[in-house]
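Data block below; observations after.
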Amino acid sequence: MTVVELENVTFAYGEQPAVEDVSLQVEEGDFLGLVGPNGSGKTTLLQLMLGLLRPDSGTIELFGDPVSTFDDGERIGYVSQQATSGGGSMPVTVREAVTMGRFAHVGHGRLTDDDRAIVDDALETVDITELADRQVNQLSGGQRQRAYIARALASEADLLALDEPTVGVDAESRDAFYQLLESLNDDGITIILIEHDIGVVTDRATRIACINTELYHHGDTESFVESDALTEAYGATGQVVHHHH
Ligand code: ADP
């Protein structure tokens, strides 16, 4: 099944397009790394994919439906950059936040014991059971990431979209976090990840989309590594490519 499909998508905040004529598909089970220099349109493209921005031209489908009419929000877990840095989180406990994810899945009504067990499982999967009674806004960046993912798991999201989720997270927690993403992907959850560290992406992602306003590469990770797409995408900017190796 195709999870996201873009055809000839263009978007500009003002005059200058941030995303130009991009076509790509994300298939169920993909782990897509979205890479490119700073300011190359990665966040914009992700927000277009999720229906948070409307394209100026081109078409976008989410789970087979036009994104403009898509209303199955609980199928998507989105961890924005703001979520990581702490802005916008409500004064609720971790368990409450994850339970809201379950409510989003079941709709209105009471949660059953099964639903509560699913919440417990989600906390356990991301290894934050011991933080369940803490306020979300008192967590570290890395712990907060996990809480957002637990919430997406509780809502049985099929797609996790993460925008530089490990900014400000220490190296060890970062590794553990990416292992978690990989195991969720092994369990069938589709992942779209923006990450500036190219090495992390090519280690973990099965597919790569490399953009600098226009798409320079879209395909499997091996063909990306063997191509010149990265050098070409960074070429004009003079920015340094981040490798962790
Ligand atoms: P990336 O995620 O690759 O760093 P962005 O998608 O955030 O890139 O930004 C792409 C371009 O659009 C940049 O030139 C950025 O300055 C511009 N841009 C991003 N958000 C806005 C906004 N809200 N208003 C105006 N310009 C924006």
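Identifiers in the structure tokens: chain A, B, ... in order shown; residue index from 1 per chain; ligand index from 1 in order shown.
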
- Task: Could you pull out the residues sitting within 10 Å of ligand 1, using only C-alpha atoms and all ligand atoms, and write them as JSON, numbers by chain?
- Result: {"A": [11, 12, 13, 14, 15, 16, 17, 18, 19, 34, 35, 36, 37, 38, 39, 40, 41, 42, 43, 44, 45, 46, 47, 48, 81, 163, 164, 194, 195, 196, 211, 212, 213]}

Limited to C-alpha atoms, could you put the picked residues into a file as a JSON list (two decimals), in the first residue's frame?
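Final output, part-v5.json:
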```json
[["chain", "number", "residue", "atom", "x", "y", "z"],
["A", 11, "PHE", "CA", 5.15, 25.20, -2.55],
["A", 12, "ALA", "CA", 6.43, 28.71, -1.82],
["A", 13, "TYR", "CA", 6.14, 30.75, 1.39],
["A", 14, "GLY", "CA", 6.65, 33.92, -0.66],
["A", 15, "GLU", "CA", 8.11, 34.28, -4.13],
["A", 16, "GLN", "CA", 10.90, 31.71, -3.96],
["A", 17, "PRO", "CA", 9.72, 28.06, -3.96],
["A", 18, "ALA", "CA", 10.79, 26.04, -0.89],
["A", 19, "VAL", "CA", 9.74, 22.81, -2.64],
["A", 34, "LEU", "CA", 14.77, 12.82, 4.19],
["A", 35, "VAL", "CA", 18.10, 14.59, 3.75],
["A", 36, "GLY", "CA", 19.49, 17.83, 2.33],
["A", 37, "PRO", "CA", 21.29, 20.98, 3.44],
["A", 38, "ASN", "CA", 19.88, 23.48, 5.94],
["A", 39, "GLY", "CA", 16.96, 25.38, 4.48],
["A", 40, "SER", "CA", 16.57, 22.90, 1.59],
["A", 41, "GLY", "CA", 12.85, 22.34, 2.21],
["A", 42, "LYS", "CA", 12.87, 19.15, 4.31],
["A", 43, "THR", "CA", 10.48, 20.37, 7.01],
["A", 44, "THR", "CA", 8.28, 21.99, 4.38],
["A", 45, "LEU", "CA", 8.13, 18.76, 2.37],
["A", 46, "LEU", "CA", 7.26, 16.72, 5.47],
["A", 47, "GLN", "CA", 4.49, 19.15, 6.43],
["A", 48, "LEU", "CA", 3.13, 18.99, 2.88],
["A", 81, "GLN", "CA", 11.16, 20.07, 16.00],
["A", 163, "ASP", "CA", 11.75, 16.06, 12.21],
["A", 164, "GLU", "CA", 15.31, 15.99, 13.58],
["A", 194, "ILE", "CA", 14.53, 14.12, 8.80],
["A", 195, "GLU", "CA", 18.07, 13.91, 10.15],
["A", 196, "HIS", "CA", 21.07, 16.08, 9.33],
["A", 211, "ILE", "CA", 16.31, 17.44, -1.69],
["A", 212, "ASN", "CA", 17.49, 20.94, -2.19],
["A", 213, "THR", "CA", 14.17, 22.55, -3.18]]
```

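Non-sequential neighbours of A:Leu24 (distance at most 8 Å, separation of 6 or more positions within a chain, only C-alpha atoms) are Glu5, Leu6, Glu7 and His218 of chain A.
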
- Which polymer residues have any atom within 7 Å of an atom of A:Arg75, counting only C-alpha atoms, with same-chain residues fewer than 6 positions away left out, as a list of chain:residue names?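 Near neighbours after the sequence-gap exclusion: A:Glu156, A:Ala157, A:Asp158, A:Leu159.
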
- Task: Identify, with DSSP run on backbone atoms, the residues in stretch 47-228 of chain A assigned to helix (DSSP H, G or I), and express the list as an MDAnalysis selection string.
- Result: chainID A and resid 47:49 67:69 73:75 81:85 94:106 113:125 129:131 136:138 141:154 171:186 198:204 221:226

- Can you work out which one of A:Ala233, A:Gly33, A:Asp228, A:Ile60 has the shortest atom-to-atom distance to A:Leu215, counting only C-alpha atoms?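 Among the listed residues, A:Ala233 lies closest to A:Leu215.
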
- From the set A:Thr190, A:Gly64, A:Tyr178, A:Glu28, which residue has the shortest atom-to-atom contact distance to A:Asp203, counting only C-alpha atoms?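 So, comparing all the options, the nearest one is A:Tyr178.
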
- Task: Write out as JSON, numbers by chain the residues lying within 12 Å of A:Ile149, counting only C-alpha atoms and excluding same-chain residues fewer than 5 positions away.
- Result: {"A": [76, 77, 78, 79, 80, 83, 84, 94, 97, 98, 101, 119, 122, 123, 124, 125, 126, 127, 128, 142, 143, 144, 154, 155, 156, 157, 158, 159, 160, 161, 162, 165, 177, 180, 181, 184, 189, 191]}

Take the residues that were just selected and, keeping N, CA and C atoms, output them as a CSV table (one decimal), in the first residue's frame.
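File out.csv, as written:
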```
chain,number,residue,atom,x,y,z
A,76,ILE,N,-1.3,8.8,12.1
A,76,ILE,CA,0.0,9.5,11.9
A,76,ILE,C,0.5,9.9,13.3
A,77,GLY,N,1.8,9.6,13.6
A,77,GLY,CA,2.5,10.2,14.7
A,77,GLY,C,3.5,11.2,14.2
A,78,TYR,N,3.3,12.5,14.5
A,78,TYR,CA,4.2,13.5,14.0
A,78,TYR,C,5.0,14.1,15.2
A,79,VAL,N,6.3,14.0,15.1
A,79,VAL,CA,7.2,14.6,16.1
A,79,VAL,C,7.9,15.8,15.5
A,80,SER,N,7.4,17.0,15.7
A,80,SER,CA,8.0,18.2,15.1
A,80,SER,C,9.2,18.6,15.9
A,83,ALA,N,8.3,19.9,19.2
A,83,ALA,CA,8.0,18.9,20.2
A,83,ALA,C,9.3,18.5,21.0
A,84,THR,N,10.4,18.4,20.2
A,84,THR,CA,11.6,18.0,20.8
A,84,THR,C,12.2,19.1,21.8
A,94,VAL,N,2.9,11.8,31.5
A,94,VAL,CA,3.3,11.0,30.4
A,94,VAL,C,2.1,10.0,30.1
A,97,ALA,N,-0.8,11.7,28.5
A,97,ALA,CA,-0.5,12.0,27.1
A,97,ALA,C,-0.7,10.8,26.2
A,98,VAL,N,-0.2,9.6,26.7
A,98,VAL,CA,-0.2,8.4,25.9
A,98,VAL,C,-1.7,7.9,25.9
A,101,GLY,N,-3.6,9.4,23.2
A,101,GLY,CA,-3.4,8.7,21.9
A,101,GLY,C,-4.4,7.5,21.8
A,119,VAL,N,-1.9,1.0,26.4
A,119,VAL,CA,-1.2,2.2,26.9
A,119,VAL,C,0.1,1.7,27.7
A,122,ALA,N,2.7,0.4,25.3
A,122,ALA,CA,3.3,1.5,24.5
A,122,ALA,C,4.4,2.1,25.4
A,123,LEU,N,4.1,2.4,26.7
A,123,LEU,CA,5.1,2.9,27.6
A,123,LEU,C,6.3,2.0,27.7
A,124,GLU,N,6.0,0.7,27.8
A,124,GLU,CA,7.0,-0.3,28.0
A,124,GLU,C,7.9,-0.4,26.7
A,125,THR,N,7.3,-0.4,25.5
A,125,THR,CA,8.0,-0.5,24.3
A,125,THR,C,9.1,0.6,24.1
A,126,VAL,N,8.7,1.8,24.5
A,126,VAL,CA,9.7,2.9,24.4
A,126,VAL,C,10.5,3.1,25.7
A,127,ASP,N,10.3,2.2,26.6
A,127,ASP,CA,11.1,2.2,27.8
A,127,ASP,C,10.9,3.5,28.7
A,128,ILE,N,9.7,3.9,28.9
A,128,ILE,CA,9.5,5.1,29.8
A,128,ILE,C,8.4,4.8,30.9
A,142,GLY,N,15.1,13.7,24.9
A,142,GLY,CA,15.1,12.3,24.5
A,142,GLY,C,13.9,11.6,25.1
A,143,GLN,N,13.6,11.8,26.4
A,143,GLN,CA,12.5,11.2,27.0
A,143,GLN,C,11.2,11.7,26.4
A,144,ARG,N,11.1,12.9,26.0
A,144,ARG,CA,9.9,13.5,25.4
A,144,ARG,C,9.7,12.9,24.1
A,154,ALA,N,0.1,4.0,21.0
A,154,ALA,CA,-1.2,3.8,21.6
A,154,ALA,C,-2.4,4.1,20.7
A,155,SER,N,-2.2,5.0,19.7
A,155,SER,CA,-3.2,5.3,18.8
A,155,SER,C,-3.1,4.4,17.6
A,156,GLU,N,-2.2,3.4,17.6
A,156,GLU,CA,-2.0,2.5,16.5
A,156,GLU,C,-1.7,3.2,15.2
A,157,ALA,N,-0.8,4.2,15.3
A,157,ALA,CA,-0.4,4.9,14.1
A,157,ALA,C,0.3,4.0,13.2
A,158,ASP,N,0.1,4.2,11.8
A,158,ASP,CA,0.8,3.4,10.8
A,158,ASP,C,2.0,4.1,10.3
A,159,LEU,N,2.0,5.4,10.6
A,159,LEU,CA,3.1,6.3,10.0
A,159,LEU,C,3.7,7.2,11.1
A,160,LEU,N,5.0,7.1,11.3
A,160,LEU,CA,5.7,8.0,12.2
A,160,LEU,C,6.5,8.9,11.4
A,161,ALA,N,6.3,10.2,11.6
A,161,ALA,CA,7.1,11.3,10.9
A,161,ALA,C,7.9,12.1,11.9
A,162,LEU,N,9.2,12.1,11.8
A,162,LEU,CA,10.0,12.7,12.8
A,162,LEU,C,11.0,13.7,12.2
A,165,PRO,N,14.6,14.4,15.3
A,165,PRO,CA,14.2,14.1,16.7
A,165,PRO,C,15.3,14.0,17.7
A,177,PHE,N,17.6,5.5,20.7
A,177,PHE,CA,16.4,6.0,20.0
A,177,PHE,C,16.3,5.5,18.6
A,180,LEU,N,15.3,2.0,18.6
A,180,LEU,CA,13.9,1.9,18.8
A,180,LEU,C,13.1,2.1,17.4
A,181,LEU,N,13.5,3.1,16.7
A,181,LEU,CA,12.9,3.4,15.4
A,181,LEU,C,13.0,2.2,14.5
A,184,LEU,N,10.7,-0.6,15.5
A,184,LEU,CA,9.3,-0.2,15.2
A,184,LEU,C,9.0,-0.4,13.7
A,189,ILE,N,5.8,-0.5,11.0
A,189,ILE,CA,5.4,1.0,11.0
A,189,ILE,C,6.3,1.7,10.0
A,191,ILE,N,8.2,4.8,8.5
A,191,ILE,CA,8.9,5.9,9.2
A,191,ILE,C,9.4,6.9,8.1
```
